[in-house]
Amino acid sequence: TFDTGGISIKPADGMHLMRTDMAGGGAVIAAMIAIGTLGLPVRVTGLVPCAENHVSGSSYRPGDIVTHYGGTTTEVTNTDAEGRMVLADALAYARATLKPDLLVDVATLTGAMKVSLGTRTAGLFATDDALAERLRQAGERVGEAFWRMPLLEDQFAEAVVSEVADIRQCPSGPSGITAALFLRQFTGDTPWAHLDIAGPARSDKSYDDVVPGATGFAARTLVELVASYS
C-alpha cells in the first residue's frame, strides 16, 4: 500500500509517487484476472501480502525482532524495507500450504535496481536457470525487459545472518542482491524467481504504450509465463 517508509521515513521529495508502491501486488491481481479470463489450464495461486507503512503508535521499529510465518525471526534495521517482510511471510506460507512447483514474486523492492538497470528494465533473480530463461523469454514476447542479476550467495550470504535473530532485514552490501538473498531464506528448495520492478513500475513520461503514472509492468509477463506451461 502507500509507503511512507514508516519510522525510517522517506524524504518528502517523491513521496507522492509511493501511491504506486503496490505495483507488484497490482501486477499479480491483474495477471490472475487475465489467467482466469483466458482459461489457461494451469493451477496458479496468487498471494498479495499487504502492509500499511504509516507512522503510528503501533508501527514496527528498528531493533524489533519479527517472527515470520513458519518461525524464522528477522532483526529489523530499516522500516522502509517493509516489502520484503511481508513477501517473506507469503513465500513461507506458499511453501507450507500450497506445495508449489515453483514460486515467482514481483515487487517494487529496491531503488538499487533503478540505479543498476534504469527505469525500463526490471531485475530478475532466480535459483533455477530454466525458470529464469522462461521468464526472460516471456517478457521478451510481451515487450517487458528483464535483466538477470546474480544472487552471489558465496559472497553475501553471511551478511544476511543476524547476531540477535535468524536473519537481518537490510544486510550490508549491494542492496538489490542482499534483498533477494533475504527472500531466498524463505524459498527452500522450491525453484524461485524474484522480479524487482522498482524501475519500470512507474513512469514520468510517455513511451511506447506507457503513459505517465503506474505502468502495469510484469502483469503481461506473468500471464505469458503461465501460458508457456499450458
# chains A, B, ... in the order shown; residues from 1 in each chain; ligands from 1
>>> closest_atom_pairs(of="stretch 182-208 of chain A", to="stretch 143-155 of chain A", cutoff="10 Å", atoms="only C-alpha atoms", output="Markdown table")
| residue | atom | partner | partner_atom | distance |
| --- | --- | --- | --- | --- |
| A:Arg184 | CA | A:Leu151 | CA | 9.1 |
| A:His194 | CA | A:Arg148 | CA | 9.9 |
| A:Leu195 | CA | A:Phe146 | CA | 8.2 |
| A:Asp196 | CA | A:Phe146 | CA | 9.2 |
| A:Ile197 | CA | A:Phe146 | CA | 9.0 |
| A:Pro200 | CA | A:Glu144 | CA | 9.0 |
| A:Asp208 | CA | A:Gly143 | CA | 9.7 |
>>> write_last_selection(atoms="N, CA, C and O atoms", output="mmCIF file, in the first residue's frame")
data_model
loop_
_atom_site.group_PDB
_atom_site.id
_atom_site.type_symbol
_atom_site.label_atom_id
_atom_site.label_comp_id
_atom_site.auth_asym_id
_atom_site.auth_seq_id
_atom_site.Cartn_x
_atom_site.Cartn_y
_atom_site.Cartn_z
ATOM 1 N N ARG A 184 15.477 -15.211 -0.316
ATOM 2 C CA ARG A 184 15.939 -16.567 -0.600
ATOM 3 C C ARG A 184 15.828 -17.480 0.623
ATOM 4 O O ARG A 184 15.605 -18.693 0.496
ATOM 5 N N HIS A 194 12.614 -13.955 -8.464
ATOM 6 C CA HIS A 194 12.258 -12.688 -7.827
ATOM 7 C C HIS A 194 12.390 -11.582 -8.864
ATOM 8 O O HIS A 194 13.463 -11.394 -9.444
ATOM 9 N N LEU A 195 11.299 -10.872 -9.123
ATOM 10 C CA LEU A 195 11.279 -9.788 -10.099
ATOM 11 C C LEU A 195 11.231 -8.456 -9.360
ATOM 12 O O LEU A 195 10.233 -8.125 -8.719
ATOM 13 N N ASP A 196 12.337 -7.708 -9.423
ATOM 14 C CA ASP A 196 12.396 -6.397 -8.776
ATOM 15 C C ASP A 196 12.061 -5.348 -9.831
ATOM 16 O O ASP A 196 12.880 -5.022 -10.692
ATOM 17 N N ILE A 197 10.837 -4.814 -9.753
ATOM 18 C CA ILE A 197 10.322 -3.930 -10.808
ATOM 19 C C ILE A 197 10.309 -2.462 -10.371
ATOM 20 O O ILE A 197 9.544 -1.658 -10.902
ATOM 21 N N PRO A 200 10.733 0.064 -13.759
ATOM 22 C CA PRO A 200 9.676 0.195 -14.776
ATOM 23 C C PRO A 200 8.250 0.182 -14.253
ATOM 24 O O PRO A 200 7.307 0.300 -15.043
ATOM 25 N N ASP A 208 6.367 4.261 -25.881
ATOM 26 C CA ASP A 208 5.685 3.069 -26.398
ATOM 27 C C ASP A 208 4.196 3.126 -26.014
ATOM 28 O O ASP A 208 3.515 4.073 -26.376
#
>>> select_by_dssp(residues="stretch 129-198 of chain A", states="strand (DSSP E or B)", output="list in words")
Ala145, Phe146, Trp147, Arg148, Val161, Ile167, Arg168, Trp192, Ala193, His194, Leu195 and Asp196 of chain A
>>> select_by_dssp(residues="stretch 72-178 of chain A", states="alpha helix (DSSP H)", output="PDB file with C-alpha atoms, in the first residue's frame")
ATOM      1  CA  GLU A  82       8.573  -3.455   4.721  1.00  0.00           C
ATOM      2  CA  GLY A  83       8.009  -5.109   1.358  1.00  0.00           C
ATOM      3  CA  ARG A  84      10.475  -7.919   1.950  1.00  0.00           C
ATOM      4  CA  MET A  85       8.975  -8.531   5.402  1.00  0.00           C
ATOM      5  CA  VAL A  86       5.513  -9.320   4.038  1.00  0.00           C
ATOM      6  CA  LEU A  87       6.908 -11.092   0.958  1.00  0.00           C
ATOM      7  CA  ALA A  88       8.840 -13.384   3.281  1.00  0.00           C
ATOM      8  CA  ASP A  89       5.621 -14.390   5.017  1.00  0.00           C
ATOM      9  CA  ALA A  90       3.897 -15.007   1.679  1.00  0.00           C
ATOM     10  CA  LEU A  91       6.746 -17.179   0.403  1.00  0.00           C
ATOM     11  CA  ALA A  92       6.868 -19.194   3.635  1.00  0.00           C
ATOM     12  CA  TYR A  93       3.075 -19.591   3.647  1.00  0.00           C
ATOM     13  CA  ALA A  94       3.026 -20.660  -0.003  1.00  0.00           C
ATOM     14  CA  ARG A  95       5.652 -23.350   0.537  1.00  0.00           C
ATOM     15  CA  ALA A  96       3.982 -24.691   3.677  1.00  0.00           C
ATOM     16  CA  THR A  97       0.378 -24.768   2.496  1.00  0.00           C
ATOM     17  CA  ALA A 112      19.164  -0.173  -6.353  1.00  0.00           C
ATOM     18  CA  MET A 113      17.505  -1.724  -9.400  1.00  0.00           C
ATOM     19  CA  LYS A 114      16.750   1.740 -10.789  1.00  0.00           C
ATOM     20  CA  VAL A 115      20.406   2.665 -10.354  1.00  0.00           C
ATOM     21  CA  SER A 116      21.591  -0.584 -11.947  1.00  0.00           C
ATOM     22  CA  LEU A 117      19.141  -1.001 -14.810  1.00  0.00           C
ATOM     23  CA  ASP A 129      18.269 -21.337 -14.721  1.00  0.00           C
ATOM     24  CA  ALA A 130      15.389 -22.809 -16.701  1.00  0.00           C
ATOM     25  CA  LEU A 131      12.827 -20.703 -14.829  1.00  0.00           C
ATOM     26  CA  ALA A 132      14.941 -17.573 -15.281  1.00  0.00           C
ATOM     27  CA  GLU A 133      15.206 -18.113 -19.026  1.00  0.00           C
ATOM     28  CA  ARG A 134      11.495 -18.930 -19.340  1.00  0.00           C
ATOM     29  CA  LEU A 135      10.652 -15.662 -17.568  1.00  0.00           C
ATOM     30  CA  ARG A 136      13.090 -13.639 -19.685  1.00  0.00           C
ATOM     31  CA  GLN A 137      11.628 -15.063 -22.887  1.00  0.00           C
ATOM     32  CA  ALA A 138       8.067 -14.481 -21.649  1.00  0.00           C
ATOM     33  CA  GLY A 139       8.953 -10.841 -21.004  1.00  0.00           C
ATOM     34  CA  GLU A 140      10.559 -10.522 -24.430  1.00  0.00           C
ATOM     35  CA  ARG A 141       7.440 -11.833 -26.151  1.00  0.00           C
ATOM     36  CA  VAL A 142       5.182  -9.280 -24.443  1.00  0.00           C
ATOM     37  CA  GLU A 153      25.331 -16.342  -2.312  1.00  0.00           C
ATOM     38  CA  ASP A 154      29.009 -17.207  -1.901  1.00  0.00           C
ATOM     39  CA  GLN A 155      29.888 -13.538  -1.320  1.00  0.00           C
ATOM     40  CA  PHE A 156      26.972 -12.101   0.621  1.00  0.00           C
ATOM     41  CA  SER A 175      21.067  -3.752  -1.696  1.00  0.00           C
ATOM     42  CA  GLY A 176      19.230  -5.308  -4.637  1.00  0.00           C
ATOM     43  CA  ILE A 177      21.215  -8.522  -4.277  1.00  0.00           C
ATOM     44  CA  THR A 178      21.086  -8.672  -0.488  1.00  0.00           C
TER      45      THR A 178
END
>>> residues_around(residues="A:Ile35", least_positions_apart="4", cutoff="8 Å", atoms="only C-alpha atoms", output="MDAnalysis selection string")
chainID A and resid 31 39:40 223 226
>>> write_last_selection(atoms="all heavy atoms", output="CSV table (one decimal), in the first residue's frame")
chain,number,residue,atom,x,y,z
A,31,ALA,N,-2.7,-10.1,-13.4
A,31,ALA,CA,-2.4,-11.4,-14.0
A,31,ALA,C,-3.4,-12.5,-13.7
A,31,ALA,O,-3.8,-13.3,-14.6
A,31,ALA,CB,-1.0,-11.8,-13.6
A,39,GLY,N,-8.7,-18.7,-19.4
A,39,GLY,CA,-9.0,-20.1,-19.1
A,39,GLY,C,-7.7,-21.0,-19.3
A,39,GLY,O,-7.8,-22.1,-19.7
A,40,LEU,N,-6.6,-20.5,-18.9
A,40,LEU,CA,-5.4,-21.2,-19.0
A,40,LEU,C,-5.4,-22.5,-18.1
A,40,LEU,O,-5.7,-22.3,-16.9
A,40,LEU,CB,-4.1,-20.4,-18.7
A,40,LEU,CG,-4.0,-19.1,-19.6
A,40,LEU,CD1,-2.7,-18.3,-19.2
A,40,LEU,CD2,-3.8,-19.6,-21.1
A,223,VAL,N,1.4,-13.5,-17.1
A,223,VAL,CA,0.4,-14.2,-17.9
A,223,VAL,C,1.0,-15.1,-18.9
A,223,VAL,O,0.7,-16.3,-19.1
A,223,VAL,CB,-0.6,-13.3,-18.5
A,223,VAL,CG1,-1.6,-14.0,-19.4
A,223,VAL,CG2,-1.4,-12.5,-17.5
A,226,VAL,N,2.7,-18.2,-17.4
A,226,VAL,CA,1.7,-19.3,-17.2
A,226,VAL,C,1.3,-19.9,-18.5
A,226,VAL,O,1.2,-21.2,-18.6
A,226,VAL,CB,0.5,-18.7,-16.4
A,226,VAL,CG1,-0.6,-19.8,-16.3
A,226,VAL,CG2,0.9,-18.2,-15.0
>>> closest_residue(among="A:Leu181, A:Leu17, A:Leu102, A:Ile29", to="A:Val161", atoms="only C-alpha atoms")
A:Leu181
>>> residues_around(residues="A:His16", least_positions_apart="5", cutoff="10 Å", atoms="only C-alpha atoms", output="PyMOL selection string")
chain A and resi 2-4
>>> write_last_selection(atoms="all heavy atoms", output="CSV table (one decimal), in the first residue's frame")
chain,number,residue,atom,x,y,z
A,2,PHE,N,0.4,2.4,0.3
A,2,PHE,CA,1.2,3.6,0.3
A,2,PHE,C,2.3,3.5,1.3
A,2,PHE,O,2.1,3.1,2.4
A,2,PHE,CB,0.3,4.8,0.6
A,2,PHE,CG,1.0,6.1,0.4
A,2,PHE,CD1,1.0,6.8,-0.8
A,2,PHE,CD2,1.8,6.7,1.4
A,2,PHE,CE1,1.6,8.0,-1.0
A,2,PHE,CE2,2.5,7.9,1.2
A,2,PHE,CZ,2.4,8.5,0.0
A,3,ASP,N,3.5,3.8,0.8
A,3,ASP,CA,4.7,3.6,1.6
A,3,ASP,C,5.4,4.9,2.1
A,3,ASP,O,6.1,5.5,1.3
A,3,ASP,CB,5.7,2.7,0.8
A,3,ASP,CG,7.0,2.4,1.6
A,3,ASP,OD1,6.9,2.6,2.9
A,3,ASP,OD2,7.9,2.0,1.0
A,4,THR,N,5.1,5.3,3.3
A,4,THR,CA,5.8,6.5,3.9
A,4,THR,C,7.3,6.2,4.3
A,4,THR,O,8.1,7.1,4.5
A,4,THR,CB,5.1,7.0,5.1
A,4,THR,OG1,5.2,6.0,6.2
A,4,THR,CG2,3.6,7.2,4.9
>>> residues_around(residues="A:Val28", least_positions_apart="2", cutoff="9 Å", atoms="only C-alpha atoms", output="number ranges by chain")
A: 23-26, 30-33, 46-48, 105-106, 218-219, 222
>>> write_last_selection(atoms="all heavy atoms", output="JSON list (two decimals), in the first residue's frame")
[["chain", "number", "residue", "atom", "x", "y", "z"],
["A", 23, "ALA", "N", 2.65, -1.75, -6.85],
["A", 23, "ALA", "CA", 2.65, -2.21, -8.24],
["A", 23, "ALA", "C", 2.86, -3.71, -8.37],
["A", 23, "ALA", "O", 2.31, -4.34, -9.28],
["A", 23, "ALA", "CB", 3.72, -1.45, -9.04],
["A", 24, "GLY", "N", 3.67, -4.31, -7.48],
["A", 24, "GLY", "CA", 3.86, -5.75, -7.54],
["A", 24, "GLY", "C", 2.56, -6.50, -7.28],
["A", 24, "GLY", "O", 2.18, -7.41, -8.02],
["A", 25, "GLY", "N", 1.88, -6.12, -6.21],
["A", 25, "GLY", "CA", 0.59, -6.73, -5.89],
["A", 25, "GLY", "C", -0.43, -6.49, -6.99],
["A", 25, "GLY", "O", -1.22, -7.37, -7.34],
["A", 26, "GLY", "N", -0.42, -5.27, -7.55],
["A", 26, "GLY", "CA", -1.33, -4.95, -8.64],
["A", 26, "GLY", "C", -1.10, -5.82, -9.86],
["A", 26, "GLY", "O", -2.04, -6.27, -10.51],
["A", 30, "ALA", "N", -3.82, -8.36, -11.50],
["A", 30, "ALA", "CA", -4.16, -8.23, -12.92],
["A", 30, "ALA", "C", -3.86, -9.52, -13.67],
["A", 30, "ALA", "O", -4.67, -9.97, -14.51],
["A", 30, "ALA", "CB", -3.38, -7.07, -13.53],
["A", 31, "ALA", "N", -2.73, -10.13, -13.36],
["A", 31, "ALA", "CA", -2.37, -11.38, -14.03],
["A", 31, "ALA", "C", -3.36, -12.49, -13.71],
["A", 31, "ALA", "O", -3.76, -13.27, -14.59],
["A", 31, "ALA", "CB", -0.96, -11.80, -13.64],
["A", 32, "MET", "N", -3.78, -12.57, -12.46],
["A", 32, "MET", "CA", -4.72, -13.62, -12.06],
["A", 32, "MET", "C", -6.07, -13.45, -12.77],
["A", 32, "MET", "O", -6.69, -14.43, -13.19],
["A", 32, "MET", "CB", -4.92, -13.60, -10.54],
["A", 32, "MET", "CG", -3.69, -14.00, -9.75],
["A", 32, "MET", "SD", -3.10, -15.68, -10.10],
["A", 32, "MET", "CE", -4.43, -16.65, -9.39],
["A", 33, "ILE", "N", -6.50, -12.20, -12.92],
["A", 33, "ILE", "CA", -7.75, -11.95, -13.64],
["A", 33, "ILE", "C", -7.62, -12.40, -15.09],
["A", 33, "ILE", "O", -8.50, -13.06, -15.65],
["A", 33, "ILE", "CB", -8.13, -10.45, -13.57],
["A", 33, "ILE", "CG1", -8.50, -10.07, -12.13],
["A", 33, "ILE", "CG2", -9.27, -10.12, -14.52],
["A", 33, "ILE", "CD1", -8.66, -8.58, -11.92],
["A", 46, "GLY", "N", -2.35, -16.83, -6.54],
["A", 46, "GLY", "CA", -1.74, -15.52, -6.33],
["A", 46, "GLY", "C", -1.89, -15.10, -4.88],
["A", 46, "GLY", "O", -2.99, -15.15, -4.32],
["A", 47, "LEU", "N", -0.80, -14.72, -4.26],
["A", 47, "LEU", "CA", -0.81, -14.19, -2.89],
["A", 47, "LEU", "C", -0.38, -12.73, -2.93],
["A", 47, "LEU", "O", 0.63, -12.40, -3.56],
["A", 47, "LEU", "CB", 0.15, -14.98, -2.00],
["A", 47, "LEU", "CG", -0.09, -16.49, -1.88],
["A", 47, "LEU", "CD1", 0.99, -17.13, -1.03],
["A", 47, "LEU", "CD2", -1.46, -16.76, -1.29],
["A", 48, "VAL", "N", -1.14, -11.86, -2.27],
["A", 48, "VAL", "CA", -0.81, -10.44, -2.26],
["A", 48, "VAL", "C", -0.70, -9.98, -0.80],
["A", 48, "VAL", "O", -1.69, -9.55, -0.19],
["A", 48, "VAL", "CB", -1.86, -9.60, -3.02],
["A", 48, "VAL", "CG1", -1.44, -8.13, -3.06],
["A", 48, "VAL", "CG2", -2.04, -10.13, -4.43],
["A", 105, "ASP", "N", 7.95, -14.15, -7.29],
["A", 105, "ASP", "CA", 7.45, -12.95, -6.60],
["A", 105, "ASP", "C", 7.81, -11.72, -7.43],
["A", 105, "ASP", "O", 8.77, -11.72, -8.19],
["A", 105, "ASP", "CB", 8.02, -12.84, -5.18],
["A", 105, "ASP", "CG", 9.46, -12.37, -5.12],
["A", 105, "ASP", "OD1", 9.71, -11.19, -5.44],
["A", 105, "ASP", "OD2", 10.34, -13.16, -4.74],
["A", 106, "VAL", "N", 7.01, -10.69, -7.29],
["A", 106, "VAL", "CA", 7.24, -9.44, -8.03],
["A", 106, "VAL", "C", 6.96, -8.28, -7.08],
["A", 106, "VAL", "O", 5.94, -8.26, -6.39],
["A", 106, "VAL", "CB", 6.37, -9.38, -9.30],
["A", 106, "VAL", "CG1", 4.90, -9.64, -8.99],
["A", 106, "VAL", "CG2", 6.53, -8.05, -10.01],
["A", 218, "ALA", "N", 5.00, -6.13, -15.59],
["A", 218, "ALA", "CA", 5.11, -7.52, -15.10],
["A", 218, "ALA", "C", 3.82, -8.31, -15.21],
["A", 218, "ALA", "O", 3.85, -9.54, -15.24],
["A", 218, "ALA", "CB", 5.65, -7.63, -13.68],
["A", 219, "ALA", "N", 2.67, -7.64, -15.29],
["A", 219, "ALA", "CA", 1.41, -8.39, -15.39],
["A", 219, "ALA", "C", 1.39, -9.25, -16.65],
["A", 219, "ALA", "O", 1.04, -10.44, -16.61],
["A", 219, "ALA", "CB", 0.23, -7.43, -15.38],
["A", 222, "LEU", "N", 3.78, -12.26, -16.40],
["A", 222, "LEU", "CA", 3.26, -13.34, -15.57],
["A", 222, "LEU", "C", 2.23, -14.17, -16.32],
["A", 222, "LEU", "O", 2.22, -15.40, -16.23],
["A", 222, "LEU", "CB", 2.64, -12.76, -14.29],
["A", 222, "LEU", "CG", 3.61, -12.10, -13.30],
["A", 222, "LEU", "CD1", 2.84, -11.46, -12.15],
["A", 222, "LEU", "CD2", 4.64, -13.09, -12.78]]
>>> closest_residue(among="A:Gly199, A:Pro41, A:Gly63, A:Gly57", to="A:Ala165", atoms="only C-alpha atoms")
A:Gly63
>>> closest_residue(among="A:Thr187, A:Ser206, A:Thr67, A:Thr119", to="A:Lys99", atoms="only C-alpha atoms")
A:Thr187
